[in-house]
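Okay, so here's the structure we're looking at.
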Amino acid sequence: MSCIFCRIIKGEIPCIKIAETAKSLAFMDIAPTSKGHALVIPKEHGERLTDLSDESCADLLPLAKRVAKATGAENFNILQNNGRLAHQEVGHVHVHVIPKPNTEFGLV
Ligand code: 5GP
Ligand code: ZN
């Protein structure tokens, strides 16, 4: 299996795990765009959101909510890209949880 996120789920590639359910896994992004940037992925492989079962889909947002709450960030983005033209680089569904710094201009 060459899918990098499937390999993370199997424990073949290390990650900083945050939380887990029977259907989803949350871990820190390897190249965070802000402090606390995390990813939430389904354990079921699917390239795009439209490839996933309803059950896997339904589990992602509650876990993303838990992760967002745990960061304590007042401001955050939930982002999910599908397809190369939509800036998807890893071909396994993932939800970004991106906390925003608590400053007016977001520079520090
Ligand atoms: P995309 O552009 O596909 O929506 O985002 C893919 C994300 O996965 C990027 O933010 C990237 O830093 C992250 N990423 C890629 N490879 C790895 C990895 O091996 N481990 C972790 N933790 N994150 C990864
Ligand atoms: Zn996969």
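We label chains A, B, ... in the order they appear in the structure tokens, count residues from 1 in each chain, and number ligands from 1 in the order shown.
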
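Residue neighbourhood of region 60-73 of chain A, excluding near-sequence residues (fewer than 2 positions): Ile18, Ala19, Glu20, Thr21, Ser24, Ala26, Gly36, Ala38, Val40, Ile41, Pro42, Ser56, Cys57, Ala58, Asn75, Phe76, Ile78, Val95, Val97, Ile98, Pro99, Lys100, Pro101 and Asn102 of chain A, at 8 Å, using only C-alpha atoms.
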
Any chance you could export the current selection's N, CA and C atoms as a compact mmCIF listing (two decimals), in the first residue's frame?
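Result saved to selection-v7.txt:
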```txt
# COMPACT_ATOMS: atom_id res chain seq x y z
N ILE A 18 -3.14 12.66 18.06
CA ILE A 18 -3.87 13.53 18.99
C ILE A 18 -5.07 12.80 19.57
N ALA A 19 -5.82 12.16 18.71
CA ALA A 19 -7.05 11.50 19.15
C ALA A 19 -7.46 10.50 18.09
N GLU A 20 -8.37 9.61 18.49
CA GLU A 20 -8.75 8.52 17.58
C GLU A 20 -10.16 8.07 17.91
N THR A 21 -10.90 7.67 16.90
CA THR A 21 -12.17 6.97 17.10
C THR A 21 -12.05 5.65 16.33
N SER A 24 -11.82 7.15 12.65
CA SER A 24 -10.99 8.30 12.26
C SER A 24 -9.76 8.44 13.15
N ALA A 26 -6.74 11.51 14.30
CA ALA A 26 -6.28 12.90 14.27
C ALA A 26 -4.82 12.94 14.67
N GLY A 36 -0.16 24.26 15.89
CA GLY A 36 -1.30 23.41 16.24
C GLY A 36 -2.04 22.83 15.03
N ALA A 38 -3.47 20.54 12.59
CA ALA A 38 -3.70 19.09 12.70
C ALA A 38 -4.49 18.59 11.50
N VAL A 40 -7.33 15.44 10.34
CA VAL A 40 -8.24 14.38 10.76
C VAL A 40 -8.56 13.55 9.53
N ILE A 41 -8.30 12.26 9.61
CA ILE A 41 -8.47 11.40 8.44
C ILE A 41 -9.37 10.20 8.76
N PRO A 42 -10.09 9.72 7.74
CA PRO A 42 -10.85 8.49 7.92
C PRO A 42 -9.92 7.29 7.87
N SER A 56 -18.05 6.91 7.44
CA SER A 56 -16.72 7.52 7.62
C SER A 56 -16.83 9.04 7.57
N CYS A 57 -17.62 9.53 6.63
CA CYS A 57 -17.83 10.98 6.51
C CYS A 57 -18.37 11.56 7.81
N ALA A 58 -19.36 10.88 8.35
CA ALA A 58 -20.07 11.41 9.52
C ALA A 58 -19.19 11.45 10.76
N ASN A 75 -10.12 31.30 17.05
CA ASN A 75 -10.24 31.42 15.59
C ASN A 75 -9.53 30.26 14.92
N PHE A 76 -10.21 29.64 14.00
CA PHE A 76 -9.57 28.50 13.32
C PHE A 76 -10.27 28.25 11.99
N ILE A 78 -11.36 25.15 9.22
CA ILE A 78 -11.54 23.74 8.90
C ILE A 78 -11.53 23.69 7.37
N VAL A 95 -9.06 16.25 6.72
CA VAL A 95 -9.64 17.53 7.14
C VAL A 95 -8.55 18.28 7.90
N VAL A 97 -7.32 21.09 10.45
CA VAL A 97 -7.77 21.96 11.55
C VAL A 97 -6.63 22.95 11.77
N ILE A 98 -6.88 24.21 11.42
CA ILE A 98 -5.80 25.20 11.43
C ILE A 98 -6.14 26.33 12.39
N PRO A 99 -5.55 26.29 13.60
CA PRO A 99 -5.80 27.38 14.55
C PRO A 99 -5.15 28.67 14.06
N LYS A 100 -5.79 29.77 14.35
CA LYS A 100 -5.22 31.07 13.98
C LYS A 100 -4.72 31.77 15.24
N PRO A 101 -3.54 32.41 15.13
CA PRO A 101 -3.00 33.09 16.30
C PRO A 101 -3.96 34.18 16.78
N ASN A 102 -3.91 34.42 18.08
CA ASN A 102 -4.84 35.37 18.66
C ASN A 102 -4.33 36.81 18.56
```

Quiz item: So which residues touch region 79-83 of chain A within 9 Å, counting only C-alpha atoms, skipping near sequence neighbours fewer than 2 positions away, as a PyMOL selection string?
Solution: chain A and resi 47-50+77+85-89+91+93-98

Exercise. Per DSSP on the backbone, filter region 2-104 of chain A down to the residues in alpha helix (DSSP H) and report them as a PyMOL selection string.
Key: chain A and resi 4-10+54-71

Quiz item: With distances taken over only C-alpha atoms and all ligand atoms, which of A:Lys35, A:Met28, A:Glu55, A:His45 is nearest to ligand 2?
Solution: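 For ligand 2, the nearest of the given residues is A:His45.
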
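Minimum atom-to-atom distance to Ile9 (chain A), evaluated using only C-alpha atoms, belongs to A:Lys43 out of A:Ala22, A:Pro32, A:Lys43, A:Thr103.
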
Quiz item: If you run DSSP on this backbone, which residues of region 71-100 of chain A come out as strand (DSSP E or B), and could you give them as an MDAnalysis selection string?
Solution: chainID A and resid 76:79 95:99

Exercise. Please give me, as an MDAnalysis selection string, the residues lying within 7 Å of ligand 2 when counting only C-alpha atoms and all ligand atoms.
Key: chainID A and resid 3:6 45:46 91:92

Practice problem: Mind checking which residues fall within 9 Å of Ile30 (chain A), counting only C-alpha atoms, ignoring those fewer than 3 positions away in the same chain, and posting them as JSON, numbers by chain? | Solution: {"A": [15, 16, 37, 38]}

Go ahead and write the residues just picked, N, CA and C atoms, as a short mmCIF file (atom, residue, chain, number, x, y, z; two decimals), in the first residue's frame.
```cif
data_model
loop_
_atom_site.label_atom_id
_atom_site.label_comp_id
_atom_site.auth_asym_id
_atom_site.auth_seq_id
_atom_site.Cartn_x
_atom_site.Cartn_y
_atom_site.Cartn_z
N CYS A 15 3.60 9.26 13.46
CA CYS A 15 2.90 10.55 13.48
C CYS A 15 2.74 10.95 14.94
N ILE A 16 2.43 12.21 15.15
CA ILE A 16 2.09 12.68 16.50
C ILE A 16 0.59 12.60 16.62
N HIS A 37 -1.54 23.10 13.83
CA HIS A 37 -2.18 22.59 12.60
C HIS A 37 -2.26 21.06 12.66
N ALA A 38 -3.47 20.54 12.59
CA ALA A 38 -3.70 19.09 12.70
C ALA A 38 -4.49 18.59 11.50
#
```

Quiz prompt | Among listed residues A:Asp29, A:Leu39, A:Glu74, A:Lys17, nearest ligand 1 (using only C-alpha atoms and all ligand atoms) | solution = A:Asp29

Quiz item: Could you work out how far CA of Val90 (chain A) lies from CA of Ile13 (chain A), giving the answer in Å with one decimal?
Solution: 14.5 Å

Self-check item: Proximity to ligand 1 - best of A:Glu44, A:Leu52, A:Lys23, A:Pro14, only C-alpha atoms and all ligand atoms
Solution: A:Pro14

Quiz item: Closest to ligand 1 among A:Ser2, A:Asp51, A:Arg84, A:Gly11, using only C-alpha atoms and all ligand atoms?
Solution: A:Arg84

Quiz item: When you draw a straight line from atom 24 (C, counted along the ligand's line) of ligand 1 to CA of Phe27 (chain A), how long is it in Å?
Solution: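 Result for atom 24 (C, counted along the ligand's line) of ligand 1 versus CA of Phe27 (chain A): 9.2 Å, one decimal.
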